[in-house]
>>> print(open('coords.pdb').read())   # PDB, C-alpha atoms and all ligand atoms
ATOM      1  CA  MET Z   1       0.000   0.000   0.000  1.00  0.00           C
ATOM      2  CA  SER Z   2       1.295   3.452  -0.812  1.00  0.00           C
ATOM      3  CA  LEU Z   3       1.969   5.825   1.994  1.00  0.00           C
ATOM      4  CA  THR Z   4      -0.834   8.067   0.909  1.00  0.00           C
ATOM      5  CA  GLY Z   5      -3.049   4.990   0.943  1.00  0.00           C
ATOM      6  CA  LEU Z   6      -1.839   4.227   4.437  1.00  0.00           C
ATOM      7  CA  VAL Z   7      -2.610   7.756   5.547  1.00  0.00           C
ATOM      8  CA  ARG Z   8      -6.051   7.549   4.015  1.00  0.00           C
ATOM      9  CA  THR Z   9      -6.984   4.181   5.487  1.00  0.00           C
ATOM     10  CA  GLY Z  10      -5.517   5.209   8.825  1.00  0.00           C
ATOM     11  CA  PHE Z  11      -7.508   8.336   9.339  1.00  0.00           C
ATOM     12  CA  GLY Z  12      -8.673   9.685   6.014  1.00  0.00           C
ATOM     13  CA  HIS Z  13     -12.188   8.509   6.713  1.00  0.00           C
ATOM     14  CA  HIS Z  14     -12.458  10.787   9.690  1.00  0.00           C
ATOM     15  CA  ALA Z  15     -13.614  14.325   9.168  1.00  0.00           C
ATOM     16  CA  PRO Z  16     -11.191  16.909  10.588  1.00  0.00           C
ATOM     17  CA  GLY Z  17     -11.491  17.078  14.327  1.00  0.00           C
ATOM     18  CA  LYS Z  18     -13.542  13.911  14.438  1.00  0.00           C
ATOM     19  CA  VAL Z  19     -10.785  11.374  14.956  1.00  0.00           C
ATOM     20  CA  SER Z  20     -12.374   8.869  17.304  1.00  0.00           C
ATOM     21  CA  PRO Z  21     -11.592   9.987  20.853  1.00  0.00           C
ATOM     22  CA  LEU Z  22      -9.863   6.946  22.239  1.00  0.00           C
ATOM     23  CA  PRO Z  23     -10.047   6.814  26.005  1.00  0.00           C
ATOM     24  CA  GLY Z  24      -7.128   6.403  28.335  1.00  0.00           C
ATOM     25  CA  ARG Z  25      -3.840   5.011  27.268  1.00  0.00           C
ATOM     26  CA  SER Z  26      -4.601   4.495  23.585  1.00  0.00           C
ATOM     27  CA  VAL Z  27      -4.407   8.270  23.179  1.00  0.00           C
ATOM     28  CA  ALA Z  28      -0.620   8.027  23.499  1.00  0.00           C
ATOM     29  CA  THR Z  29      -0.325   5.156  21.039  1.00  0.00           C
ATOM     30  CA  ALA Z  30      -2.424   6.959  18.426  1.00  0.00           C
ATOM     31  CA  ALA Z  31      -0.326  10.113  18.889  1.00  0.00           C
ATOM     32  CA  MET Z  32       2.918   8.144  18.590  1.00  0.00           C
ATOM     33  CA  GLU Z  33       1.720   6.574  15.342  1.00  0.00           C
ATOM     34  CA  THR Z  34       0.971   9.946  13.755  1.00  0.00           C
ATOM     35  CA  VAL Z  35       4.241  11.454  15.012  1.00  0.00           C
ATOM     36  CA  ALA Z  36       6.224   8.481  13.685  1.00  0.00           C
ATOM     37  CA  LEU Z  37       4.517   8.789  10.304  1.00  0.00           C
ATOM     38  CA  VAL Z  38       5.221  12.506   9.952  1.00  0.00           C
ATOM     39  CA  LEU Z  39       8.808  12.313  11.235  1.00  0.00           C
ATOM     40  CA  ASP Z  40       9.759   9.192   9.250  1.00  0.00           C
ATOM     41  CA  GLU Z  41      12.616  10.432   7.051  1.00  0.00           C
ATOM     42  CA  THR Z  42      12.341   7.521   4.637  1.00  0.00           C
ATOM     43  CA  VAL Z  43       8.938   8.558   3.339  1.00  0.00           C
ATOM     44  CA  VAL Z  44       7.472  11.780   2.017  1.00  0.00           C
ATOM     45  CA  VAL Z  45       4.531  12.864   4.122  1.00  0.00           C
ATOM     46  CA  PRO Z  46       2.216  14.549   3.356  1.00  0.00           C
ATOM     47  CA  ALA Z  47       1.906  13.516  -0.263  1.00  0.00           C
ATOM     48  CA  THR Z  48      -1.015  15.824  -0.997  1.00  0.00           C
ATOM     49  CA  ASP Z  49      -2.657  18.978   0.376  1.00  0.00           C
ATOM     50  CA  GLN Z  50      -5.459  16.821   1.728  1.00  0.00           C
ATOM     51  CA  ASP Z  51      -2.951  14.592   3.546  1.00  0.00           C
ATOM     52  CA  ALA Z  52      -1.392  17.701   5.069  1.00  0.00           C
ATOM     53  CA  ARG Z  53      -4.749  18.908   6.366  1.00  0.00           C
ATOM     54  CA  ASP Z  54      -5.683  15.413   7.610  1.00  0.00           C
ATOM     55  CA  LEU Z  55      -2.383  15.004   9.423  1.00  0.00           C
ATOM     56  CA  MET Z  56      -2.599  18.431  11.018  1.00  0.00           C
ATOM     57  CA  SER Z  57      -6.159  17.869  12.218  1.00  0.00           C
ATOM     58  CA  ARG Z  58      -4.986  14.578  13.683  1.00  0.00           C
ATOM     59  CA  LEU Z  59      -2.084  16.286  15.475  1.00  0.00           C
ATOM     60  CA  ARG Z  60      -4.555  18.846  16.856  1.00  0.00           C
ATOM     61  CA  VAL Z  61      -6.718  16.057  18.243  1.00  0.00           C
ATOM     62  CA  HIS Z  62      -3.663  14.354  19.790  1.00  0.00           C
ATOM     63  CA  HIS Z  63      -2.584  17.644  21.369  1.00  0.00           C
ATOM     64  CA  ARG Z  64      -6.045  18.211  22.807  1.00  0.00           C
ATOM     65  CA  GLN Z  65      -6.453  14.641  24.076  1.00  0.00           C
ATOM     66  CA  LEU Z  66      -2.977  14.593  25.617  1.00  0.00           C
ATOM     67  CA  GLY Z  67      -3.628  17.937  27.323  1.00  0.00           C
ATOM     68  CA  GLU Z  68      -6.932  16.677  28.706  1.00  0.00           C
ATOM     69  CA  GLY Z  69      -5.218  13.461  29.814  1.00  0.00           C
ATOM     70  CA  ALA Z  70      -2.396  15.366  31.521  1.00  0.00           C
ATOM     71  CA  ARG Z  71      -4.801  17.591  33.434  1.00  0.00           C
ATOM     72  CA  ALA Z  72      -6.983  14.624  34.416  1.00  0.00           C
ATOM     73  CA  ALA Z  73      -4.023  12.453  35.492  1.00  0.00           C
ATOM     74  CA  ALA Z  74      -2.453  15.269  37.482  1.00  0.00           C
ATOM     75  CA  SER Z  75      -5.792  16.460  38.947  1.00  0.00           C
ATOM     76  CA  GLY Z  76      -5.202  19.852  37.332  1.00  0.00           C
ATOM     77  CA  LEU Z  77      -1.737  20.227  38.884  1.00  0.00           C
ATOM     78  CA  VAL Z  78       0.314  19.814  35.723  1.00  0.00           C
ATOM     79  CA  SER Z  79       4.041  20.375  36.210  1.00  0.00           C
ATOM     80  CA  GLY Z  80       5.800  23.363  34.646  1.00  0.00           C
ATOM     81  CA  ARG Z  81       7.671  21.280  32.085  1.00  0.00           C
ATOM     82  CA  VAL Z  82       4.467  19.616  30.883  1.00  0.00           C
ATOM     83  CA  THR Z  83       2.718  23.001  30.773  1.00  0.00           C
ATOM     84  CA  ASP Z  84       5.575  24.411  28.676  1.00  0.00           C
ATOM     85  CA  THR Z  85       5.485  21.568  26.145  1.00  0.00           C
ATOM     86  CA  LEU Z  86       1.681  21.766  26.018  1.00  0.00           C
ATOM     87  CA  ARG Z  87       1.915  25.475  25.233  1.00  0.00           C
ATOM     88  CA  THR Z  88       4.498  24.899  22.484  1.00  0.00           C
ATOM     89  CA  SER Z  89       2.557  22.101  20.797  1.00  0.00           C
ATOM     90  CA  GLY Z  90      -0.653  24.113  21.144  1.00  0.00           C
ATOM     91  CA  GLU Z  91       0.909  27.074  19.372  1.00  0.00           C
ATOM     92  CA  LEU Z  92       2.245  24.917  16.533  1.00  0.00           C
ATOM     93  CA  VAL Z  93      -0.889  22.854  15.899  1.00  0.00           C
ATOM     94  CA  GLY Z  94      -2.910  26.072  16.016  1.00  0.00           C
ATOM     95  CA  VAL Z  95      -1.160  27.522  12.964  1.00  0.00           C
ATOM     96  CA  PRO Z  96      -3.120  26.971   9.723  1.00  0.00           C
ATOM     97  CA  VAL Z  97      -1.490  24.534   7.294  1.00  0.00           C
ATOM     98  CA  PRO Z  98       0.377  26.506   4.581  1.00  0.00           C
ATOM     99  CA  ASP Z  99      -0.995  26.090   1.051  1.00  0.00           C
ATOM    100  CA  ASP Z 100       2.469  25.382  -0.322  1.00  0.00           C
ATOM    101  CA  LEU Z 101       3.084  21.640   0.076  1.00  0.00           C
ATOM    102  CA  SER Z 102       6.768  21.850   0.980  1.00  0.00           C
ATOM    103  CA  LYS Z 103       6.005  24.546   3.575  1.00  0.00           C
ATOM    104  CA  ALA Z 104       3.158  22.367   4.823  1.00  0.00           C
ATOM    105  CA  ARG Z 105       5.636  19.483   5.261  1.00  0.00           C
ATOM    106  CA  ASP Z 106       8.019  21.674   7.260  1.00  0.00           C
ATOM    107  CA  HIS Z 107       5.209  22.945   9.427  1.00  0.00           C
ATOM    108  CA  LEU Z 108       3.831  19.444  10.024  1.00  0.00           C
ATOM    109  CA  GLN Z 109       7.286  18.246  11.076  1.00  0.00           C
ATOM    110  CA  SER Z 110       7.582  21.098  13.589  1.00  0.00           C
ATOM    111  CA  ALA Z 111       4.133  20.343  14.984  1.00  0.00           C
ATOM    112  CA  ALA Z 112       4.818  16.581  15.125  1.00  0.00           C
ATOM    113  CA  SER Z 113       8.131  17.222  16.917  1.00  0.00           C
ATOM    114  CA  ALA Z 114       6.303  19.347  19.470  1.00  0.00           C
ATOM    115  CA  VAL Z 115       3.699  16.622  20.047  1.00  0.00           C
ATOM    116  CA  LYS Z 116       6.552  14.116  20.391  1.00  0.00           C
ATOM    117  CA  ASP Z 117       8.180  16.350  23.035  1.00  0.00           C
ATOM    118  CA  LEU Z 118       4.842  16.471  24.808  1.00  0.00           C
ATOM    119  CA  LEU Z 119       4.612  12.665  24.799  1.00  0.00           C
ATOM    120  CA  VAL Z 120       8.165  12.289  26.125  1.00  0.00           C
ATOM    121  CA  THR Z 121       7.593  14.885  28.852  1.00  0.00           C
ATOM    122  CA  MET Z 122       4.270  13.374  29.894  1.00  0.00           C
ATOM    123  CA  GLY Z 123       5.832   9.898  29.878  1.00  0.00           C
ATOM    124  CA  ALA Z 124       8.651  11.083  32.135  1.00  0.00           C
ATOM    125  CA  ALA Z 125       6.084  12.659  34.454  1.00  0.00           C
ATOM    126  CA  GLY Z 126       4.159   9.381  34.640  1.00  0.00           C
ATOM    127  CA  LEU Z 127       1.078  10.954  33.043  1.00  0.00           C
ATOM    128  CA  VAL Z 128       0.927   8.663  30.046  1.00  0.00           C
ATOM    129  CA  CYS Z 129       2.336   5.293  28.955  1.00  0.00           C
ATOM    130  CA  VAL Z 130       4.763   5.659  26.059  1.00  0.00           C
ATOM    131  CA  HIS Z 131       5.963   2.066  26.087  1.00  0.00           C
ATOM    132  CA  GLN Z 132       5.476  -0.225  23.106  1.00  0.00           C
ATOM    133  CA  PRO Z 133       3.551  -2.414  23.449  1.00  0.00           C
ATOM    134  CA  GLU Z 134       1.486  -0.404  25.886  1.00  0.00           C
ATOM    135  CA  CYS Z 135       1.606  -1.402  29.518  1.00  0.00           C
ATOM    136  CA  PRO Z 136      -1.533  -3.153  30.765  1.00  0.00           C
ATOM    137  CA  PRO Z 137      -3.816  -0.881  32.804  1.00  0.00           C
ATOM    138  CA  ALA Z 138      -4.159  -1.279  36.561  1.00  0.00           C
ATOM    139  CA  THR Z 139      -7.462  -3.064  35.999  1.00  0.00           C
ATOM    140  CA  ALA Z 140      -5.993  -5.786  33.741  1.00  0.00           C
ATOM    141  CA  PRO Z 141      -5.231  -9.267  35.127  1.00  0.00           C
ATOM    142  CA  ASP Z 142      -1.573  -8.846  34.097  1.00  0.00           C
ATOM    143  CA  PHE Z 143      -1.285  -5.343  35.600  1.00  0.00           C
ATOM    144  CA  HIS Z 144       1.928  -6.334  37.417  1.00  0.00           C
ATOM    145  CA  THR Z 145       3.791  -6.716  34.091  1.00  0.00           C
ATOM    146  CA  ALA Z 146       3.731  -2.940  33.425  1.00  0.00           C
ATOM    147  CA  HIS Z 147       7.107  -1.208  33.184  1.00  0.00           C
ATOM    148  CA  PRO Z 148       8.482  -0.039  36.520  1.00  0.00           C
ATOM    149  CA  VAL Z 149       8.994   3.726  36.429  1.00  0.00           C
ATOM    150  CA  LEU Z 150      10.352   4.036  39.959  1.00  0.00           C
ATOM    151  CA  ARG Z 151      12.188   1.518  42.085  1.00  0.00           C
ATOM    152  CA  CYS Z 152      12.918   2.033  45.760  1.00  0.00           C
ATOM    153  CA  LEU Z 153      15.462  -0.592  46.748  1.00  0.00           C
ATOM    154  CA  ALA Z 154      15.635   0.539  50.368  1.00  0.00           C
ATOM    155  CA  THR Z 155      11.971  -0.132  51.039  1.00  0.00           C
ATOM    156  CA  GLY Z 156      11.485  -2.780  48.357  1.00  0.00           C
ATOM    157  CA  TYR Z 157       8.721  -1.402  46.207  1.00  0.00           C
ATOM    158  CA  SER Z 158       8.292  -0.356  42.595  1.00  0.00           C
ATOM    159  CA  ARG Z 159       5.846   2.074  41.079  1.00  0.00           C
ATOM    160  CA  LEU Z 160       4.643   0.762  37.753  1.00  0.00           C
ATOM    161  CA  CYS Z 161       3.739   2.789  34.675  1.00  0.00           C
ATOM    162  CA  ASN Z 162       0.030   2.092  35.264  1.00  0.00           C
ATOM    163  CA  GLY Z 163       0.186   3.634  38.731  1.00  0.00           C
ATOM    164  CA  VAL Z 164       0.234   0.358  40.680  1.00  0.00           C
ATOM    165  CA  VAL Z 165       2.705   0.166  43.562  1.00  0.00           C
ATOM    166  CA  LEU Z 166       4.178  -3.318  43.695  1.00  0.00           C
ATOM    167  CA  PHE Z 167       5.929  -4.586  46.812  1.00  0.00           C
ATOM    168  CA  GLU Z 168       8.712  -7.148  46.865  1.00  0.00           C
ATOM    169  CA  ASP Z 169       6.514  -9.636  48.703  1.00  0.00           C
ATOM    170  CA  THR Z 170       4.043  -9.388  45.720  1.00  0.00           C
ATOM    171  CA  GLY Z 171       1.582  -7.297  47.685  1.00  0.00           C
ATOM    172  CA  TYR Z 172       0.310  -4.339  45.692  1.00  0.00           C
ATOM    173  CA  LEU Z 173      -1.594  -1.091  45.929  1.00  0.00           C
ATOM    174  CA  LYS Z 174      -3.705   0.036  42.977  1.00  0.00           C
ATOM    175  CA  PRO Z 175      -4.477   3.649  42.030  1.00  0.00           C
ATOM    176  CA  ASN Z 176      -8.151   3.097  42.944  1.00  0.00           C
ATOM    177  CA  GLY Z 177      -7.118   2.049  46.449  1.00  0.00           C
ATOM    178  CA  GLY Z 178      -7.340  -1.690  45.781  1.00  0.00           C
ATOM    179  CA  ILE Z 179      -4.911  -3.701  47.876  1.00  0.00           C
ATOM    180  CA  GLY Z 180      -3.532  -7.142  47.129  1.00  0.00           C
ATOM    181  CA  SER Z 181      -2.243  -9.262  49.948  1.00  0.00           C
ATOM    182  CA  PRO Z 182       1.181 -10.906  49.608  1.00  0.00           C
ATOM    183  CA  SER Z 183      -0.330 -14.358  50.183  1.00  0.00           C
ATOM    184  CA  ARG Z 184      -2.385 -14.161  46.995  1.00  0.00           C
ATOM    185  CA  PRO Z 185      -0.153 -15.062  44.040  1.00  0.00           C
ATOM    186  CA  LEU Z 186      -0.196 -12.889  40.964  1.00  0.00           C
ATOM    187  CA  PRO Z 187      -1.277 -14.507  37.706  1.00  0.00           C
ATOM    188  CA  ARG Z 188       1.597 -15.782  35.641  1.00  0.00           C
ATOM    189  CA  VAL Z 189       2.408 -13.796  32.518  1.00  0.00           C
ATOM    190  CA  GLY Z 190       1.175 -15.457  29.356  1.00  0.00           C
ATOM    191  CA  GLY Z 191       0.275 -18.632  31.145  1.00  0.00           C
ATOM    192  CA  GLU Z 192      -2.505 -20.193  33.089  1.00  0.00           C
ATOM    193  CA  SER Z 193      -3.315 -18.656  36.429  1.00  0.00           C
ATOM    194  CA  VAL Z 194      -1.588 -19.925  39.496  1.00  0.00           C
ATOM    195  CA  PRO Z 195      -3.896 -21.706  41.915  1.00  0.00           C
ATOM    196  CA  ALA Z 196      -4.325 -19.698  45.094  1.00  0.00           C
TER     197      ALA Z 196
HETATM  198 ZN    ZN E   1       4.020   2.026  30.162  1.00  0.00          ZN
END
>>> encode(input="coords.pdb", output="structure tokens")
Amino acid sequence: MSLTGLVRTGFGHHAPGKVSPLPGRSVATAAMETVALVLDETVVVPATDQDARDLMSRLRVHHRQLGEGARAAASGLVSGRVTDTLRTSGELVGVPVPDDLSKARDHLQSAASAVKDLLVTMGAAGLVCVHQPECPPATAPDFHTAHPVLRCLATGYSRLCNGVVLFEDTGYLKPNGGIGSPSRPLPRVGGESVPA
């Protein structure tokens, strides 16, 4: 499939601003896919004016969804670095796409780079999962396989990307307040569950 075909099947069917609002963690994956497509140096994107407008409207949606996600995850208390990157990406995605295709490409690359910075900053702040494949959410049976983002060797616990705090004795604390006792074994990854 040609790249333009890929762009069209990926999101060409969506009207501008109507990219399906994916809840939760998929927001980051969708944003990473668009950013990777625009910043891929081995392909020429956008191929047409319509592609340029489609890609920019998609970047706008990613910016908006990531901003909403950051504010929700941080209960409104978004750190200065995240606020700065949000402002930068907001300014860039807010600029109309130039009519000239090569200028449109340059502008899209700037906007995609800004959204990428936003993803990296939010990932570092623990506001979004930027791992591939995505970490399982705290509600998934295999929640304990999420990437550790913080390890405290002294007290023997890890904070996972999905917000779960995992203790060395396999006890855990979930973001919703759920507590797992150390005596209850965690399900094995990719295998049948362990009898309790
Ligand atoms: Zn993750």
>>> residues_around(input="coords.pdb", residues="Ala31 in chain Z", least_positions_apart="6", cutoff="10 Å", atoms="all atoms listed in the file", output="ChimeraX atom specification")
/Z:37,58-63,65-66,112,115-116,119,130
>>> atom_distance(input="coords.pdb", atom1="CA of Ala111 in chain Z", atom2="CA of Glu91 in chain Z")
8.7 Å
>>> residues_near_ligand(input="coords.pdb", ligand="ligand ZN 1 (chain E)", cutoff="6 Å", atoms="all atoms listed in the file", output="list in words")
Cys129, Val130, His131, Glu134, Cys135, Ala146, His147 and Cys161 of chain Z
>>> residues_around(input="coords.pdb", residues="range 136-141 of chain Z", least_positions_apart="3", cutoff="7 Å", atoms="only C-alpha atoms", output="list in words")
Ala146, Asn162, Gly163, Val164 and Lys174 of chain Z
>>> closest_residue(input="coords.pdb", among="Z:Thr29, Z:Thr85, Z:Ser158, Z:Ser113", to="Leu173 in chain Z", atoms="only C-alpha atoms")
Z:Ser158
>>> closest_residue(input="coords.pdb", among="Z:Met122, Z:Leu55, Z:Ala30, Z:Ala154", to="Thr83 in chain Z", atoms="only C-alpha atoms")
Z:Met122
>>> residues_around(input="coords.pdb", residues="Met56 in chain Z", least_positions_apart="5", cutoff="8 Å", atoms="all atoms listed in the file", output="PyMOL selection string")
chain Z and resi 93+97+108
>>> write_last_selection(input="coords.pdb", atoms="C-alpha atoms", output="compact mmCIF listing (two decimals), keeping the file's coordinate frame")
# COMPACT_ATOMS: atom_id res chain seq x y z
CA VAL Z 93 -0.89 22.85 15.90
CA VAL Z 97 -1.49 24.53 7.29
CA LEU Z 108 3.83 19.44 10.02
>>> residues_around(input="coords.pdb", residues="range 72-76 of chain Z", least_positions_apart="2", cutoff="10 Å", atoms="only C-alpha atoms", output="list in words")
Gly24, Leu66, Gly67, Glu68, Gly69, Ala70, Val78, Ser79, Ala125, Gly126, Leu127 and Val128 of chain Z
>>> resolve_selection(input="coords.pdb", expression="the PyMOL selection byres (((chain Z and resi 52) around 10) and not hetatm)", output="PyMOL selection string")
chain Z and resi 38+45-51+53-58+97-99+101+104-105+107-108
>>> closest_residue(input="coords.pdb", among="Z:Ser102, Z:Ser110, Z:Leu118, Z:Gly94", to="Arg81 in chain Z", atoms="all atoms listed in the file")
Z:Leu118
>>> resolve_selection(input="coords.pdb", expression="the PyMOL selection byres (((chain Z and resi 151) around 12) and not hetatm)", output="PyMOL selection string")
chain Z and resi 147-150+152-161+165-168
>>> atom_distance(input="coords.pdb", atom1="CA of Thr145 in chain Z", atom2="CA of Met32 in chain Z")
21.5 Å
>>> atom_distance(input="coords.pdb", atom1="CA of Val82 in chain Z", atom2="CA of Lys103 in chain Z")
27.8 Å
>>> build_atoms(input="coords.pdb", residues="range 127-139 of chain Z", atoms="N, CA and C atoms", output="short mmCIF file (atom, residue, chain, number, x, y, z; two decimals), in the frame of the given file")
data_model
loop_
_atom_site.label_atom_id
_atom_site.label_comp_id
_atom_site.auth_asym_id
_atom_site.auth_seq_id
_atom_site.Cartn_x
_atom_site.Cartn_y
_atom_site.Cartn_z
N LEU Z 127 2.45 10.58 33.37
CA LEU Z 127 1.08 10.95 33.04
C LEU Z 127 0.51 10.12 31.90
N VAL Z 128 1.39 9.43 31.19
CA VAL Z 128 0.93 8.66 30.05
C VAL Z 128 1.92 7.53 29.80
N CYS Z 129 1.44 6.41 29.27
CA CYS Z 129 2.34 5.29 28.96
C CYS Z 129 2.85 5.47 27.53
N VAL Z 130 4.19 5.53 27.40
CA VAL Z 130 4.76 5.66 26.06
C VAL Z 130 5.54 4.40 25.69
N HIS Z 131 5.28 3.32 26.41
CA HIS Z 131 5.96 2.07 26.09
C HIS Z 131 5.25 1.35 24.94
N GLN Z 132 6.04 0.59 24.19
CA GLN Z 132 5.48 -0.22 23.11
C GLN Z 132 5.91 -1.67 23.29
N PRO Z 133 5.01 -2.63 23.39
CA PRO Z 133 3.55 -2.41 23.45
C PRO Z 133 3.16 -1.72 24.75
N GLU Z 134 1.96 -1.15 24.72
CA GLU Z 134 1.49 -0.40 25.89
C GLU Z 134 1.43 -1.28 27.12
N CYS Z 135 1.72 -0.68 28.26
CA CYS Z 135 1.61 -1.40 29.52
C CYS Z 135 0.13 -1.71 29.80
N PRO Z 136 -0.14 -2.86 30.41
CA PRO Z 136 -1.53 -3.15 30.76
C PRO Z 136 -2.02 -2.18 31.83
N PRO Z 137 -3.30 -1.79 31.78
CA PRO Z 137 -3.82 -0.88 32.80
C PRO Z 137 -3.90 -1.56 34.17
N ALA Z 138 -4.10 -0.76 35.19
CA ALA Z 138 -4.16 -1.28 36.56
C ALA Z 138 -5.30 -2.26 36.75
N THR Z 139 -6.30 -2.19 35.86
CA THR Z 139 -7.46 -3.06 36.00
C THR Z 139 -7.27 -4.40 35.29
#
